[in-house]
Structures are given as C-alpha cells and as structure tokens.
>>> print(open('run.txt').read())   # compact mmCIF, C-alpha atoms
# COMPACT_ATOMS: atom_id res chain seq x y z
CA MET A 1 116.95 78.34 93.24
CA LEU A 2 120.62 78.92 93.90
CA ASP A 3 123.64 76.62 94.08
CA ALA A 4 121.66 73.86 92.36
CA VAL A 5 121.48 76.00 89.24
CA LYS A 6 125.04 77.33 89.58
CA LEU A 7 124.09 80.93 90.23
CA SER A 8 126.71 83.39 91.38
CA PRO A 9 126.17 85.35 94.62
CA ASN A 10 125.24 88.42 92.55
CA GLU A 11 122.66 86.43 90.57
CA ILE A 12 121.29 85.05 93.83
CA ALA A 13 120.85 88.56 95.19
CA ALA A 14 119.23 89.76 91.95
CA GLY A 15 116.80 86.85 91.85
CA LEU A 16 115.81 87.41 95.47
CA VAL A 17 115.02 91.06 94.81
CA ALA A 18 112.47 90.07 92.16
CA ILE A 19 111.03 87.11 94.08
CA SER A 20 110.71 89.14 97.30
CA PHE A 21 108.87 91.84 95.38
CA ALA A 22 106.56 89.22 93.90
CA ALA A 23 105.86 87.78 97.36
CA GLY A 24 104.94 91.26 98.57
CA LEU A 25 102.27 91.41 95.89
CA ASN A 26 100.92 87.88 96.11
CA VAL A 27 102.78 85.40 98.28
CA TYR A 28 100.58 82.43 97.37
CA ALA A 29 101.11 82.91 93.64
CA THR A 30 104.84 83.21 94.27
CA LEU A 31 105.05 80.02 96.33
CA ALA A 32 102.92 78.04 93.89
CA THR A 33 104.99 79.23 90.93
CA LEU A 34 108.27 78.33 92.64
CA GLY A 35 106.97 74.86 93.48
CA LEU A 36 105.63 74.19 90.00
CA LEU A 37 108.83 75.45 88.36
CA THR A 38 110.76 73.01 90.52
CA HIS A 39 108.63 70.06 89.39
CA ALA A 40 108.98 71.23 85.78
CA GLY A 41 112.75 70.95 86.13
CA VAL A 42 113.25 74.68 85.60
CA LEU A 43 114.20 75.52 89.18
CA PRO A 44 116.15 73.04 91.32
CA LEU A 45 115.79 74.26 94.90
CA PRO A 46 118.45 74.06 97.62
CA PRO A 47 117.74 71.63 100.50
CA ALA A 48 116.55 74.42 102.79
CA LEU A 49 113.68 75.19 100.38
CA HIS A 50 112.68 71.66 99.35
CA ILE A 51 109.46 72.08 101.31
CA VAL A 52 108.30 74.60 98.68
CA SER A 53 108.22 71.78 96.09
CA ASN A 54 106.07 69.54 98.29
CA TRP A 55 102.76 68.87 96.54
CA TRP A 56 100.85 69.60 99.75
CA VAL A 57 102.49 73.01 99.96
CA ILE A 58 101.84 73.66 96.27
CA GLY A 59 98.21 72.56 96.65
CA ALA A 60 97.69 74.77 99.70
CA SER A 61 99.32 77.72 97.89
CA VAL A 62 97.09 77.26 94.85
CA ALA A 63 93.99 76.96 97.03
CA LEU A 64 94.89 80.11 98.99
CA PHE A 65 95.72 81.88 95.74
CA LEU A 66 92.22 81.13 94.48
CA VAL A 67 90.74 82.49 97.72
CA GLU A 68 92.84 85.64 97.40
CA PHE A 69 91.98 85.90 93.71
CA PHE A 70 88.38 86.67 94.67
CA ALA A 71 88.87 88.28 98.10
CA ASP A 72 91.39 90.78 96.72
CA LYS A 73 88.92 92.07 94.15
CA VAL A 74 86.15 93.11 96.54
CA PRO A 75 86.33 96.85 97.32
CA ALA A 76 86.82 97.64 101.04
CA PHE A 77 87.21 93.95 101.97
CA ASP A 78 90.50 93.92 100.04
CA LEU A 79 91.87 96.51 102.48
CA LEU A 80 91.20 94.23 105.44
CA TRP A 81 92.61 91.26 103.53
CA ASN A 82 95.80 93.13 102.66
CA ALA A 83 96.20 94.46 106.19
CA LEU A 84 96.07 90.93 107.60
CA HIS A 85 98.53 89.70 104.98
CA THR A 86 101.20 92.05 106.25
CA PHE A 87 101.89 89.22 108.69
CA VAL A 88 102.10 86.64 105.89
CA ARG A 89 103.79 88.19 102.87
CA VAL A 90 106.69 89.86 104.64
CA PRO A 91 107.71 86.91 106.88
CA VAL A 92 107.39 84.39 104.03
CA ALA A 93 109.56 86.55 101.75
CA ALA A 94 112.16 86.81 104.53
CA LEU A 95 112.08 83.02 105.06
CA LEU A 96 112.48 82.39 101.32
CA ALA A 97 115.52 84.68 101.28
CA TYR A 98 116.92 82.95 104.36
CA GLY A 99 116.53 79.48 102.89
CA ALA A 100 117.77 80.51 99.46
CA THR A 101 121.07 81.84 100.86
CA SER A 102 121.89 78.92 103.16
CA GLN A 103 125.25 78.42 101.43
CA LEU A 104 126.38 81.98 102.17
CA SER A 105 128.07 83.23 105.33
CA PRO A 106 125.76 83.90 108.33
CA GLU A 107 126.25 87.66 107.93
CA LYS A 108 125.30 87.63 104.25
CA GLN A 109 122.40 85.28 104.95
CA LEU A 110 121.04 87.66 107.59
CA LEU A 111 121.47 90.60 105.22
CA ALA A 112 119.61 88.72 102.48
CA THR A 113 116.81 87.86 104.90
CA LEU A 114 116.38 91.49 105.96
CA LEU A 115 116.55 92.63 102.34
CA GLY A 116 113.91 90.11 101.27
CA GLY A 117 111.56 91.18 104.04
CA ALA A 118 112.13 94.89 103.37
CA ILE A 119 111.44 94.58 99.64
CA ALA A 120 108.30 92.53 100.28
CA LEU A 121 107.15 95.13 102.84
CA ALA A 122 107.70 97.94 100.33
CA ALA A 123 105.75 96.11 97.61
CA HIS A 124 102.99 95.15 100.03
CA GLY A 125 102.78 98.66 101.49
CA GLY A 126 102.60 100.27 98.07
CA LYS A 127 99.91 97.84 96.96
CA THR A 128 97.85 98.57 100.08
CA ALA A 129 98.24 102.34 99.74
CA VAL A 130 97.16 102.34 96.09
CA ARG A 131 94.19 100.13 96.95
CA ALA A 132 93.16 102.55 99.71
CA ALA A 133 93.17 105.36 97.17
CA VAL A 134 91.19 103.40 94.58
CA THR A 135 88.60 101.83 96.93
CA PRO A 136 86.36 104.96 97.18
CA SER A 137 85.85 104.77 93.41
CA PRO A 138 82.16 104.08 92.66
CA GLU A 139 82.96 101.34 90.17
CA PRO A 140 84.74 98.08 91.04
CA LEU A 141 86.67 97.76 87.79
CA SER A 142 89.64 99.71 89.15
CA ASN A 143 90.10 97.25 92.00
CA ILE A 144 89.64 94.24 89.75
CA GLY A 145 92.06 95.57 87.16
CA LEU A 146 94.73 96.33 89.76
CA SER A 147 94.33 92.93 91.39
CA LEU A 148 94.60 91.06 88.08
CA GLY A 149 97.71 93.04 87.21
CA GLU A 150 99.28 92.25 90.58
CA ASP A 151 98.53 88.54 90.24
CA ALA A 152 100.03 88.39 86.75
CA LEU A 153 103.08 90.43 87.77
CA ALA A 154 103.81 88.20 90.78
CA ILE A 155 103.73 85.05 88.65
CA PHE A 156 105.72 86.61 85.81
CA LEU A 157 108.44 88.07 88.04
CA THR A 158 108.87 84.78 89.91
CA TRP A 159 109.36 82.87 86.66
CA PHE A 160 111.47 85.60 85.04
CA ALA A 161 113.81 85.77 88.05
CA THR A 162 114.79 82.13 87.43
CA ARG A 163 115.69 82.87 83.80
CA HIS A 164 117.06 86.43 83.84
CA PRO A 165 117.74 87.43 87.47
CA TYR A 166 119.43 90.75 86.68
CA VAL A 167 116.69 91.97 84.36
CA ALA A 168 114.02 90.77 86.80
CA ALA A 169 115.73 92.65 89.64
CA GLY A 170 115.88 95.77 87.48
CA LEU A 171 112.16 95.52 86.79
CA ALA A 172 111.41 95.04 90.50
CA LEU A 173 113.48 98.11 91.40
CA CYS A 174 111.65 100.15 88.76
CA PHE A 175 108.33 99.04 90.22
CA LEU A 176 109.56 99.98 93.70
CA PHE A 177 110.42 103.45 92.40
CA VAL A 178 106.95 103.79 90.89
CA ILE A 179 105.42 102.62 94.18
CA VAL A 180 107.31 105.30 96.13
CA ILE A 181 105.96 107.97 93.77
CA LEU A 182 102.40 106.61 93.96
CA VAL A 183 102.49 106.41 97.76
CA ARG A 184 103.67 110.01 97.98
CA LEU A 185 100.85 111.09 95.66
CA VAL A 186 98.32 109.16 97.75
CA ILE A 187 99.57 110.74 100.97
CA ARG A 188 99.50 114.19 99.39
CA ALA A 189 95.95 113.63 98.12
CA VAL A 190 94.76 112.44 101.54
CA LYS A 191 96.33 115.45 103.27
CA SER A 192 94.71 117.76 100.74
CA LEU A 193 91.35 116.07 101.32
CA PHE A 194 91.58 116.51 105.09
CA ARG A 195 92.69 120.13 104.75
CA GLY A 196 89.71 120.79 102.47
CA ALA A 197 87.31 119.14 104.89
CA GLU A 198 88.77 121.05 107.83
CA GLY A 199 88.49 124.34 105.97
CA GLU A 200 84.87 123.58 105.10
CA LEU A 201 84.03 122.82 108.73
CA ILE A 202 85.65 126.04 109.91
CA HIS A 203 83.78 128.01 107.26
CA GLN A 204 80.47 126.46 108.27
CA GLY A 205 81.15 127.12 111.95
CA ARG A 206 81.60 130.85 111.48
CA PRO A 207 78.58 133.01 112.30
CA GLY A 208 76.93 134.64 109.28
>>> encode(input="run.txt", output="structure tokens")
Amino acid sequence: MLDAVKLSPNEIAAGLVAISFAAGLNVYATLATLGLLTHAGVLPLPPALHIVSNWWVIGASVALFLVEFFADKVPAFDLLWNALHTFVRVPVAALLAYGATSQLSPEKQLLATLLGGAIALAAHGGKTAVRAAVTPSPEPLSNIGLSLGEDALAIFLTWFATRHPYVAAGLALCFLFVIVILVRLVIRAVKSLFRGAEGELIHQGRPG
C-alpha cells in the first residue's frame, strides 16, 4: 500500500491512521478489503504484506467477517466478542503498520507500529464502551444499527485511505474525537447510575 503506489512518507502515515482505525472497528473487513483491492489492481502491496493478498487469507477474512457480522449484533454476546477481539484487532493493526512501513528507518517503523496499535485500541475501546452503554436497551435495533454502521465504516475507510489518505486520516481523527466524547459520557452516566443506586440503598437502610 506504500512504495508500490509511490506514496510519500506523509501519505503513508495518513493512510495508516485510517486503516488502523478501520481495523479497530472490524479487522476482518479491513483485511478482506485490502486483499480484494490488491487483486483489483487498486492497491499494490509491499512485499512484507503480500500475505494479505493471498486468496486463503482473503477467504478466511471473509468467513470470519460473516461470523462477526452476526455475532456482533447479538446484545450481551457482542460484549464478550469484542472483549476477546482486543487480542486480535490491536495486534493485527500493529502488524499491518509494521509491514506497511518496511522501507522506512527502524525507528520510524517502530513508531508507525505503535501508532497503528494505539489508534486501533482507541477505536476498539470506544466501540466496546458504546456497545456496553447500548446493550441494556430493551430493543436490539440499536445494537444492529451500530454494528452495521461500524462494518460499513471499516470497509469505506480502508478503501478511501488508498485513494485519499489525507482526507481519510482526517475522518479517522474526527471519529476518534467523537469516541473520546462518547466514552466520557458513558463513564459519567455509569458513575451517576452507581451513585444513584448507592443513595437508594442508603436511604432504604435508614430506620423509619
């Protein structure tokens, strides 16, 4: 996704921001999209990432994407699914960043790897926090709607990063900003809920 398409170091960094964010949302959709774009001639990959274009890897990514497509839309189960995928999305995003910057100096490659993992962790953490807030909702449409939006955004950002890396990076940073705000609201709401429950327990424990 880099030297093969004559991208500058700044364009490389911008593209990785968007792709790492996408991987934090749905790593299987991101991998499958990268592989298919490569076969479509849109995204020549550097040697370090040629494995992504392997049809077995693409097939496995599509199959796992289909599993996640349904698993991620089941209230409560999606929380367990996302918790387990902390150990998939973040490392894969870091590895993609590492392989994509193989032509850079070791210091810059390490920095890119850490940046890719950190952005994926932020996207993944925000997704999980918002899901935790929505799960108690009595209707499943909120979960389904969020999941569909995340799937579409992951695919779109991955493709868009190969065409307009700077704009894609800008969008990813905007989404990260929104995630920070949403996570703070979720934390504040949870604290308020616990304070209310604690106050109610104290009130009930007082003698009449």
>>> atom_distance(input="run.txt", atom1="CA of Ala32 (chain A)", atom2="CA of Val180 (chain A)")
27.7 Å
>>> residues_around(input="run.txt", residues="Leu182 (chain A)", least_positions_apart="3", cutoff="8 Å", atoms="all atoms listed in the file", output="ChimeraX atom specification")
/A:126,130,178-179,185-186
>>> residues_around(input="run.txt", residues="region 145-153 of chain A", least_positions_apart="4", cutoff="10 Å", atoms="only C-alpha atoms", output="ChimeraX atom specification")
/A:21-22,24-30,65,68-74,78,127,130-131,134,140-141,157-159,172
>>> closest_residue(input="run.txt", among="A:Leu79, A:Leu173, A:Ala63, A:Leu104", to="Thr128 (chain A)", atoms="all atoms listed in the file")
A:Leu79
>>> atom_distance(input="run.txt", atom1="CA of Ile12 (chain A)", atom2="CA of Ala40 (chain A)")
20.2 Å
>>> atom_distance(input="run.txt", atom1="CA of His164 (chain A)", atom2="CA of Leu49 (chain A)")
20.3 Å
